[in-house]
file entry.cif (mmCIF, C-alpha atoms)
data_coords
loop_
_atom_site.label_atom_id
_atom_site.label_comp_id
_atom_site.auth_asym_id
_atom_site.auth_seq_id
_atom_site.Cartn_x
_atom_site.Cartn_y
_atom_site.Cartn_z
CA MET A 1 21.69 30.46 56.31
CA GLY A 2 22.66 27.99 53.60
CA LEU A 3 21.79 24.32 53.90
CA ASP A 4 23.77 21.68 52.06
CA MET A 5 21.07 20.85 49.52
CA ALA A 6 23.20 18.19 47.80
CA LYS A 7 23.16 16.27 51.06
CA TYR A 8 19.37 16.58 51.31
CA ARG A 9 18.98 15.47 47.68
CA ARG A 10 20.85 12.26 48.58
CA ILE A 11 18.67 11.71 51.64
CA PHE A 12 15.55 12.42 49.56
CA LEU A 13 16.54 9.76 47.04
CA GLU A 14 17.27 7.20 49.75
CA GLU A 15 14.13 7.84 51.76
CA SER A 16 11.84 8.23 48.75
CA THR A 17 13.04 4.95 47.30
CA GLU A 18 12.29 3.23 50.61
CA HIS A 19 8.90 4.93 50.86
CA LEU A 20 7.94 3.98 47.30
CA GLY A 21 8.82 0.38 48.13
CA GLU A 22 6.56 0.57 51.18
CA ILE A 23 3.75 2.05 49.10
CA SER A 24 4.16 -0.75 46.57
CA ARG A 25 3.99 -3.43 49.28
CA ALA A 26 0.98 -1.74 50.87
CA LEU A 27 -0.83 -1.62 47.53
CA LEU A 28 -0.21 -5.33 47.07
CA ASP A 29 -1.69 -5.85 50.55
CA LEU A 30 -4.71 -3.79 49.52
CA GLU A 31 -5.13 -5.99 46.48
CA LYS A 32 -5.74 -8.85 48.91
CA GLU A 33 -7.64 -6.87 51.56
CA MET A 34 -9.12 -3.58 50.41
CA ALA A 35 -9.93 -2.50 53.96
CA SER A 36 -6.43 -3.04 55.38
CA VAL A 37 -6.08 -0.18 57.85
CA ALA A 38 -2.32 -0.68 58.12
CA ALA A 39 -1.82 -0.54 54.35
CA ILE A 40 -4.03 2.53 53.96
CA ASP A 41 -2.20 4.30 56.79
CA THR A 42 1.21 3.38 55.36
CA ILE A 43 0.44 4.81 51.92
CA PHE A 44 -0.93 7.99 53.50
CA ARG A 45 2.17 8.52 55.65
CA MET A 46 4.65 7.66 52.91
CA ALA A 47 3.00 10.03 50.44
CA HIS A 48 2.97 12.73 53.13
CA SER A 49 6.65 12.24 53.83
CA ILE A 50 7.64 12.34 50.15
CA LYS A 51 5.56 15.51 49.74
CA SER A 52 7.35 17.30 52.57
CA MET A 53 10.81 16.33 51.37
CA ALA A 54 10.06 17.22 47.75
CA ALA A 55 8.61 20.59 48.73
CA SER A 56 11.74 21.33 50.77
CA LEU A 57 13.90 20.73 47.71
CA GLY A 58 11.68 22.53 45.22
CA TYR A 59 10.68 19.36 43.35
CA ASP A 60 7.23 20.80 42.74
CA PRO A 61 5.78 18.08 40.46
CA VAL A 62 6.78 15.42 43.01
CA ALA A 63 5.29 17.48 45.83
CA GLU A 64 2.07 18.04 43.87
CA LEU A 65 1.54 14.40 42.95
CA SER A 66 2.38 13.07 46.41
CA HIS A 67 0.06 15.69 47.89
CA ARG A 68 -2.77 14.47 45.65
CA LEU A 69 -2.03 10.87 46.55
CA GLU A 70 -2.01 11.78 50.24
CA ASP A 71 -5.35 13.55 49.88
CA ARG A 72 -6.80 10.59 48.04
CA MET A 73 -5.63 8.28 50.84
CA GLU A 74 -7.28 10.55 53.38
CA GLY A 75 -10.52 9.92 51.51
CA VAL A 76 -9.84 6.19 51.43
CA ARG A 77 -9.13 6.25 55.15
CA ALA A 78 -12.40 8.08 55.79
CA ALA A 79 -14.25 5.51 53.66
CA GLY A 80 -12.52 2.69 55.53
CA ARG A 81 -11.48 0.89 52.36
CA VAL A 82 -10.42 1.16 48.75
CA ARG A 83 -13.66 1.33 46.81
CA ASP A 84 -12.91 -1.13 44.04
CA VAL A 85 -10.30 -2.51 41.66
CA GLU A 86 -10.52 0.65 39.61
CA GLU A 87 -9.54 2.86 42.53
CA LEU A 88 -6.71 0.48 43.35
CA GLY A 89 -5.54 0.81 39.75
CA LEU A 90 -5.54 4.57 40.10
CA LEU A 91 -3.34 4.30 43.20
CA PHE A 92 -0.94 2.03 41.33
CA ARG A 93 -0.76 4.63 38.56
CA GLY A 94 0.04 7.29 41.12
CA LEU A 95 2.83 5.12 42.47
CA GLU A 96 4.24 4.49 38.99
CA ALA A 97 4.23 8.21 38.21
CA LEU A 98 6.02 8.98 41.49
CA GLU A 99 8.60 6.29 40.80
CA ALA A 100 9.28 7.80 37.39
CA MET A 101 9.72 11.25 38.93
CA VAL A 102 12.11 10.04 41.62
CA ALA A 103 14.08 8.22 38.93
CA ALA A 104 14.28 11.49 36.98
CA VAL A 105 15.64 13.28 40.06
CA SER A 106 18.16 10.47 40.51
CA GLU A 107 19.32 10.86 36.92
CA ASP A 108 19.39 14.67 37.09
CA GLN A 109 16.70 14.82 34.45
CA PRO A 110 14.27 17.74 34.34
CA LEU A 111 10.95 17.01 36.04
CA ALA A 112 7.99 17.08 33.68
CA PRO A 113 4.69 18.46 34.99
CA VAL A 114 2.34 15.87 36.45
CA ASP A 115 -0.14 14.32 34.01
CA PRO A 116 -3.23 16.53 34.45
CA GLY A 117 -5.50 13.53 33.88
CA LEU A 118 -3.93 11.68 36.78
CA ILE A 119 -4.19 14.74 39.02
CA GLU A 120 -7.83 15.15 38.05
CA GLU A 121 -8.62 11.49 38.74
CA LEU A 122 -6.85 11.50 42.10
CA GLY A 123 -8.77 14.63 43.05
CA ARG A 124 -12.12 13.22 42.08
CA PRO A 125 -14.22 12.45 45.15
CA ALA A 126 -14.34 8.77 46.01
CA GLY A 127 -17.47 7.22 44.61
CA ALA A 128 -17.99 9.81 41.88
CA GLY A 129 -18.67 8.14 38.59
CA ALA A 130 -17.19 9.26 35.31
CA GLU A 131 -16.01 7.98 32.03
CA ARG A 132 -12.35 7.12 32.13
CA ASP A 133 -10.65 6.72 28.82
CA THR A 134 -7.49 5.04 29.94
CA ALA A 135 -7.81 3.49 33.33
CA MET A 136 -5.22 0.84 34.11
CA ALA A 137 -6.58 -2.51 35.15
CA VAL A 138 -4.62 -4.01 38.03
CA GLY A 139 -2.04 -6.39 36.67
CA GLY A 140 -3.06 -5.72 33.11
CA GLU A 141 -2.64 -3.32 30.24
CA PRO A 142 -4.25 0.10 29.96
CA LYS A 143 -7.77 -0.35 28.69
CA LYS A 144 -10.94 1.56 28.19
CA VAL A 145 -13.09 1.52 31.30
CA ARG A 146 -16.47 3.05 31.76
CA THR A 147 -17.99 3.51 35.18
CA GLN A 148 -21.57 4.23 36.05
CA SER A 149 -22.58 7.61 37.33
CA PRO A 150 -24.70 7.41 40.46
CA SER A 151 -28.38 7.77 39.71
CA PRO A 152 -29.91 11.02 40.90
CA ARG A 153 -32.15 10.56 43.90
CA MET B 1 20.02 28.34 74.50
CA ALA B 2 17.77 25.34 74.69
CA ARG B 3 17.93 21.56 74.90
CA VAL B 4 15.72 20.36 72.05
CA LEU B 5 14.04 17.03 71.26
CA ILE B 6 13.21 16.52 67.58
CA ALA B 7 10.31 14.17 66.80
CA ASP B 8 9.85 13.25 63.13
CA ASP B 9 9.74 9.92 61.34
CA ALA B 10 11.71 11.34 58.40
CA SER B 11 15.48 11.45 58.81
CA PHE B 12 15.45 14.20 56.18
CA MET B 13 13.39 16.49 58.40
CA ARG B 14 15.25 15.64 61.60
CA GLN B 15 18.57 16.49 59.99
CA MET B 16 17.21 19.69 58.49
CA ILE B 17 15.88 20.95 61.83
CA ARG B 18 19.15 20.00 63.52
CA GLU B 19 21.17 21.84 60.88
CA ILE B 20 18.98 24.94 61.26
CA ILE B 21 18.98 25.18 65.05
CA GLU B 22 22.42 23.96 66.13
CA PRO B 23 24.26 27.00 64.70
CA GLU B 24 21.95 29.10 66.89
CA GLY B 25 23.43 27.42 69.95
CA HIS B 26 20.60 24.99 70.64
CA GLU B 27 21.53 21.47 71.65
CA VAL B 28 19.65 18.55 70.11
CA VAL B 29 19.44 16.14 73.03
CA GLY B 30 17.39 13.46 71.29
CA GLU B 31 15.56 12.37 68.17
CA ALA B 32 12.30 10.43 68.16
CA THR B 33 11.03 8.63 65.07
CA ASN B 34 7.45 8.07 66.22
CA GLY B 35 4.95 9.36 68.74
CA ILE B 36 5.65 6.67 71.33
CA GLU B 37 9.38 7.42 71.29
CA ALA B 38 8.61 11.14 71.57
CA VAL B 39 6.65 10.63 74.78
CA ASP B 40 9.26 8.25 76.23
CA LEU B 41 12.20 10.50 75.32
CA TYR B 42 10.47 13.57 76.71
CA LYS B 43 10.10 11.83 80.05
CA GLU B 44 13.71 10.66 80.00
CA LEU B 45 15.40 13.82 78.70
CA GLN B 46 13.13 16.61 79.97
CA PRO B 47 14.07 18.92 77.07
CA ASP B 48 13.34 22.64 77.05
CA LEU B 49 11.48 22.33 73.75
CA VAL B 50 10.14 19.67 71.40
CA THR B 51 9.63 20.00 67.64
CA MET B 52 6.81 17.57 66.90
CA ASP B 53 5.79 16.29 63.49
CA ILE B 54 2.06 15.65 63.15
CA VAL B 55 2.03 12.57 60.92
CA MET B 56 4.10 9.82 62.53
CA PRO B 57 3.73 6.05 62.86
CA LYS B 58 2.60 4.18 65.99
CA ARG B 59 1.30 7.32 67.69
CA SER B 60 0.53 10.61 65.95
CA GLY B 61 2.17 13.88 66.93
CA ILE B 62 -1.19 15.15 68.19
CA ASP B 63 -1.59 12.17 70.54
CA ALA B 64 2.03 12.54 71.66
CA VAL B 65 1.49 16.23 72.53
CA LYS B 66 -1.56 15.35 74.58
CA ALA B 67 0.32 12.59 76.41
CA ILE B 68 3.33 14.81 77.14
CA LEU B 69 1.20 17.70 78.38
CA ALA B 70 -0.91 15.41 80.54
CA ASN B 71 2.19 14.63 82.61
CA HIS B 72 4.21 17.80 81.99
CA PRO B 73 1.78 20.74 81.71
CA THR B 74 4.56 23.30 81.16
CA ALA B 75 6.15 21.40 78.26
CA CYS B 76 7.07 23.55 75.26
CA VAL B 77 5.99 21.80 72.07
CA VAL B 78 6.17 23.34 68.60
CA MET B 79 4.29 21.44 65.89
CA CYS B 80 5.76 20.77 62.44
CA SER B 81 2.95 20.89 59.94
CA ALA B 82 2.54 20.69 56.19
CA LEU B 83 0.20 22.12 53.64
CA GLY B 84 -3.37 21.04 54.28
CA GLN B 85 -2.97 20.27 57.97
CA GLU B 86 -4.60 23.42 59.33
CA THR B 87 -7.29 21.49 61.22
CA LEU B 88 -4.72 19.23 62.87
CA VAL B 89 -2.58 22.24 63.80
CA MET B 90 -5.60 23.84 65.48
CA GLU B 91 -6.24 20.62 67.39
CA ALA B 92 -2.63 20.55 68.56
CA LEU B 93 -2.72 24.19 69.64
CA GLN B 94 -5.95 23.59 71.53
CA ALA B 95 -4.26 20.61 73.19
CA GLY B 96 -1.50 22.91 74.44
CA ALA B 97 1.17 23.06 71.74
CA ARG B 98 2.79 26.51 71.85
CA ASP B 99 3.22 27.26 68.15
CA PHE B 100 3.84 25.63 64.79
CA ILE B 101 6.28 25.74 61.89
CA VAL B 102 5.30 24.85 58.35
CA LYS B 103 7.09 22.59 55.90
CA PRO B 104 8.98 23.28 53.75
CA PHE B 105 10.99 24.86 56.53
CA LYS B 106 12.31 28.36 56.15
CA PRO B 107 15.36 28.53 58.45
CA ASP B 108 14.68 32.11 59.58
CA ASN B 109 11.10 31.25 60.42
CA VAL B 110 12.10 28.13 62.37
CA ILE B 111 14.67 30.08 64.38
CA ALA B 112 12.27 32.95 65.07
CA THR B 113 9.45 30.63 66.15
CA LEU B 114 11.66 28.70 68.55
CA LYS B 115 13.09 31.94 69.96
CA LYS B 116 9.62 33.39 70.52
CA THR B 117 8.35 30.17 72.11
CA LEU B 118 11.32 29.90 74.46
CA GLU B 119 11.06 33.57 75.47
CA LYS B 120 7.37 33.15 76.33
CA ALA B 121 8.19 30.05 78.36
CA ASP B 122 10.74 31.89 80.54
#
call {"tool": "encode", "arguments": {"input": "entry.cif", "output": "structure tokens"}}
result
Amino acid sequence: MGLDMAKYRRIFLEESTEHLGEISRALLDLEKEMASVAAIDTIFRMAHSIKSMAASLGYDPVAELSHRLEDRMEGVRAAGRVRDVEELGLLFRGLEALEAMVAAVSEDQPLAPVDPGLIEELGRPAGAGAERDTAMAVGGEPKKVRTQSPSPR
Amino acid sequence: MARVLIADDASFMRQMIREIIEPEGHEVVGEATNGIEAVDLYKELQPDLVTMDIVMPKRSGIDAVKAILANHPTACVVMCSALGQETLVMEALQAGARDFIVKPFKPDNVIATLKKTLEKAD
């Protein structure tokens, strides 16, 4: 059976663009209220939906990044809140990377692999400390950020 | 052939399921975009089978399955799951869902799963 994949590409672009807009609005809500259940749930569902569509179309880097973002949001949901401004910045970076990928699909550009540093950071357990060389401050420029590792007990 | 209700918040997935199953002679009698609609449409349409996404707004697919089966114990529900949702699939199966299909959908697998589920229900 052959599905009309050009049709699904169009739907993917429409729905992904809407979902990315919803993620953006939800992140702005989280900037004001880091424990917003509605915003956390929205980002989780939108990332999940983009993942499923991208996987169906073979857009593997999009599927991988949205999967990592979804997993991260599952951790945020379990924690009940975004941990701090740094974690919020990481989520914004995930959004920006997804937006760039969807734009590449829209322009029929080849999809580059996901930045391994971003994947690694998204996959890091919430609360784990580490040195981050280029974390993005919310609303600011990339800068060097150093976080404290938890003291051994 | 069966009357099918498709429950998924993504138009992309609803259209894909429709395009896979309609050539097999199944009739899509309704589409739900969240768990609340799924429960309401099941009651209204009494379909032979429901394809139910797990992650949906307002009411999850798991909750919707439980609500449908509470009032319609013979309902045929097939879950639509994605990578990493194994635990949720198990919960849905324990709640009474008949089977599951995994995204990204493989048309042959979707058709075979629905066929098997409908045959068992007869």
call {"tool": "resolve_selection", "arguments": {"input": "entry.cif", "expression": "the PyMOL selection byres ((chain A) within 10 of (chain B))", "output": "VMD selection string"}}
result
chain A and resid 1 to 5 7 to 12 14 to 15 41 to 42 44 to 46 48 to 58 67 71
call {"tool": "resolve_selection", "arguments": {"input": "entry.cif", "expression": "the PyMOL selection byres ((chain B and resi 6) around 9)", "output": "ChimeraX atom specification"}}
result
/B:4-5,7-8,14,17-18,28-33,38,49-53
call {"tool": "atom_distance", "arguments": {"input": "entry.cif", "atom1": "CA of Arg3 in chain B", "atom2": "CA of His26 in chain B"}}
result
6.1 Å
call {"tool": "closest_residue", "arguments": {"input": "entry.cif", "among": "A:Ala78, A:Ala100, A:Ala47, A:Val85", "to": "Val114 in chain A", "atoms": "only C-alpha atoms"}}
result
A:Ala100
call {"tool": "resolve_selection", "arguments": {"input": "entry.cif", "expression": "the PyMOL selection byres ((chain B and resi 72) around 12)", "output": "list in words"}}
result
Val39, Tyr42, Lys43, Gln46, Pro47, Asp48, Leu49, Ala64, Val65, Lys66, Ala67, Ile68, Leu69, Ala70, Asn71, Pro73, Thr74, Ala75, Cys76, Val77, Gly96 and Ala97 of chain B
call {"tool": "residues_around", "arguments": {"input": "entry.cif", "residues": "Leu98 in chain A", "least_positions_apart": "4", "cutoff": "9 Å", "atoms": "only C-alpha atoms", "output": "list in words"}}
result
Leu20, Val62, Leu65, Ser66, Arg93, Gly94, Val102 and Ala103 of chain A
call {"tool": "atom_distance", "arguments": {"input": "entry.cif", "atom1": "CA of Leu111 in chain A", "atom2": "CA of Ile54 in chain B"}}
result
28.6 Å
call {"tool": "residues_around", "arguments": {"input": "entry.cif", "residues": "Ser36 in chain A", "least_positions_apart": "3", "cutoff": "10 Å", "atoms": "all atoms listed in the file", "output": "list of chain:residue names"}}
result
A:Ala26, A:Leu27, A:Asp29, A:Leu30, A:Glu31, A:Lys32, A:Glu33, A:Ala39, A:Ile40, A:Asp41, A:Thr42, A:Arg77, A:Gly80, A:Arg81, A:Val82
call {"tool": "atom_distance", "arguments": {"input": "entry.cif", "atom1": "CA of Val37 in chain A", "atom2": "CA of Met101 in chain A"}}
result
27.2 Å
call {"tool": "axis_aligned_box", "arguments": {"input": "entry.cif", "around": "range 2-16 of chain A", "padding_each_side": "6 Å", "output": "lines of an AutoDock Vina configuration file"}}
result
center_x = 17.8
center_y = 17.6
center_z = 50.5
size_x = 23.9
size_y = 32.8
size_z = 18.9
call {"tool": "closest_residue", "arguments": {"input": "entry.cif", "among": "B:Gln85, B:Lys115, B:Met79, B:Asn34", "to": "Arg98 in chain B", "atoms": "all atoms listed in the file"}}
result
B:Met79
call {"tool": "closest_residue", "arguments": {"input": "entry.cif", "among": "A:Met73, A:Leu95, A:Ala79, A:Leu88", "to": "His19 in chain A", "atoms": "only C-alpha atoms"}}
result
A:Leu95
call {"tool": "decode", "arguments": {"input": "entry.cif", "residues": "range 66-80 of chain A", "atoms": "N, CA, C and O atoms", "output": "PDB file, in the first residue's frame"}}
result
ATOM      1  N   SER A  66      12.734  15.596  19.205  1.00  0.00           N
ATOM      2  CA  SER A  66      11.435  15.741  19.873  1.00  0.00           C
ATOM      3  C   SER A  66      11.230  14.638  20.901  1.00  0.00           C
ATOM      4  O   SER A  66      10.611  14.859  21.941  1.00  0.00           O
ATOM      5  N   HIS A  67      11.784  13.454  20.623  1.00  0.00           N
ATOM      6  CA  HIS A  67      11.717  12.368  21.609  1.00  0.00           C
ATOM      7  C   HIS A  67      12.478  12.744  22.878  1.00  0.00           C
ATOM      8  O   HIS A  67      11.999  12.544  24.004  1.00  0.00           O
ATOM      9  N   ARG A  68      13.657  13.329  22.704  1.00  0.00           N
ATOM     10  CA  ARG A  68      14.454  13.746  23.874  1.00  0.00           C
ATOM     11  C   ARG A  68      13.740  14.848  24.657  1.00  0.00           C
ATOM     12  O   ARG A  68      13.767  14.873  25.882  1.00  0.00           O
ATOM     13  N   LEU A  69      13.125  15.761  23.912  1.00  0.00           N
ATOM     14  CA  LEU A  69      12.399  16.846  24.584  1.00  0.00           C
ATOM     15  C   LEU A  69      11.195  16.283  25.345  1.00  0.00           C
ATOM     16  O   LEU A  69      10.913  16.688  26.483  1.00  0.00           O
ATOM     17  N   GLU A  70      10.519  15.340  24.719  1.00  0.00           N
ATOM     18  CA  GLU A  70       9.373  14.689  25.377  1.00  0.00           C
ATOM     19  C   GLU A  70       9.830  13.989  26.659  1.00  0.00           C
ATOM     20  O   GLU A  70       9.201  14.127  27.715  1.00  0.00           O
ATOM     21  N   ASP A  71      10.937  13.254  26.557  1.00  0.00           N
ATOM     22  CA  ASP A  71      11.451  12.558  27.742  1.00  0.00           C
ATOM     23  C   ASP A  71      11.824  13.544  28.846  1.00  0.00           C
ATOM     24  O   ASP A  71      11.583  13.304  30.029  1.00  0.00           O
ATOM     25  N   ARG A  72      12.447  14.641  28.435  1.00  0.00           N
ATOM     26  CA  ARG A  72      12.830  15.654  29.419  1.00  0.00           C
ATOM     27  C   ARG A  72      11.582  16.193  30.120  1.00  0.00           C
ATOM     28  O   ARG A  72      11.557  16.404  31.335  1.00  0.00           O
ATOM     29  N   MET A  73      10.521  16.433  29.327  1.00  0.00           N
ATOM     30  CA  MET A  73       9.292  16.969  29.912  1.00  0.00           C
ATOM     31  C   MET A  73       8.620  15.956  30.822  1.00  0.00           C
ATOM     32  O   MET A  73       7.919  16.336  31.760  1.00  0.00           O
ATOM     33  N   GLU A  74       8.823  14.684  30.543  1.00  0.00           N
ATOM     34  CA  GLU A  74       8.287  13.659  31.449  1.00  0.00           C
ATOM     35  C   GLU A  74       8.966  13.795  32.811  1.00  0.00           C
ATOM     36  O   GLU A  74       8.320  13.679  33.857  1.00  0.00           O
ATOM     37  N   GLY A  75      10.278  14.063  32.772  1.00  0.00           N
ATOM     38  CA  GLY A  75      11.009  14.286  34.017  1.00  0.00           C
ATOM     39  C   GLY A  75      10.545  15.548  34.726  1.00  0.00           C
ATOM     40  O   GLY A  75      10.391  15.567  35.949  1.00  0.00           O
ATOM     41  N   VAL A  76      10.293  16.582  33.949  1.00  0.00           N
ATOM     42  CA  VAL A  76       9.811  17.846  34.530  1.00  0.00           C
ATOM     43  C   VAL A  76       8.434  17.623  35.165  1.00  0.00           C
ATOM     44  O   VAL A  76       8.149  18.100  36.263  1.00  0.00           O
ATOM     45  N   ARG A  77       7.615  16.860  34.451  1.00  0.00           N
ATOM     46  CA  ARG A  77       6.272  16.582  34.977  1.00  0.00           C
ATOM     47  C   ARG A  77       6.359  15.811  36.294  1.00  0.00           C
ATOM     48  O   ARG A  77       5.628  16.095  37.242  1.00  0.00           O
ATOM     49  N   ALA A  78       7.283  14.846  36.325  1.00  0.00           N
ATOM     50  CA  ALA A  78       7.451  14.057  37.558  1.00  0.00           C
ATOM     51  C   ALA A  78       7.945  14.944  38.701  1.00  0.00           C
ATOM     52  O   ALA A  78       7.546  14.761  39.859  1.00  0.00           O
ATOM     53  N   ALA A  79       8.814  15.903  38.365  1.00  0.00           N
ATOM     54  CA  ALA A  79       9.341  16.809  39.389  1.00  0.00           C
ATOM     55  C   ALA A  79       8.313  17.859  39.799  1.00  0.00           C
ATOM     56  O   ALA A  79       8.419  18.468  40.857  1.00  0.00           O
ATOM     57  N   GLY A  80       7.317  18.083  38.931  1.00  0.00           N
ATOM     58  CA  GLY A  80       6.272  19.045  39.252  1.00  0.00           C
ATOM     59  C   GLY A  80       6.605  20.471  38.851  1.00  0.00           C
ATOM     60  O   GLY A  80       5.786  21.369  39.023  1.00  0.00           O
TER      61      GLY A  80
END
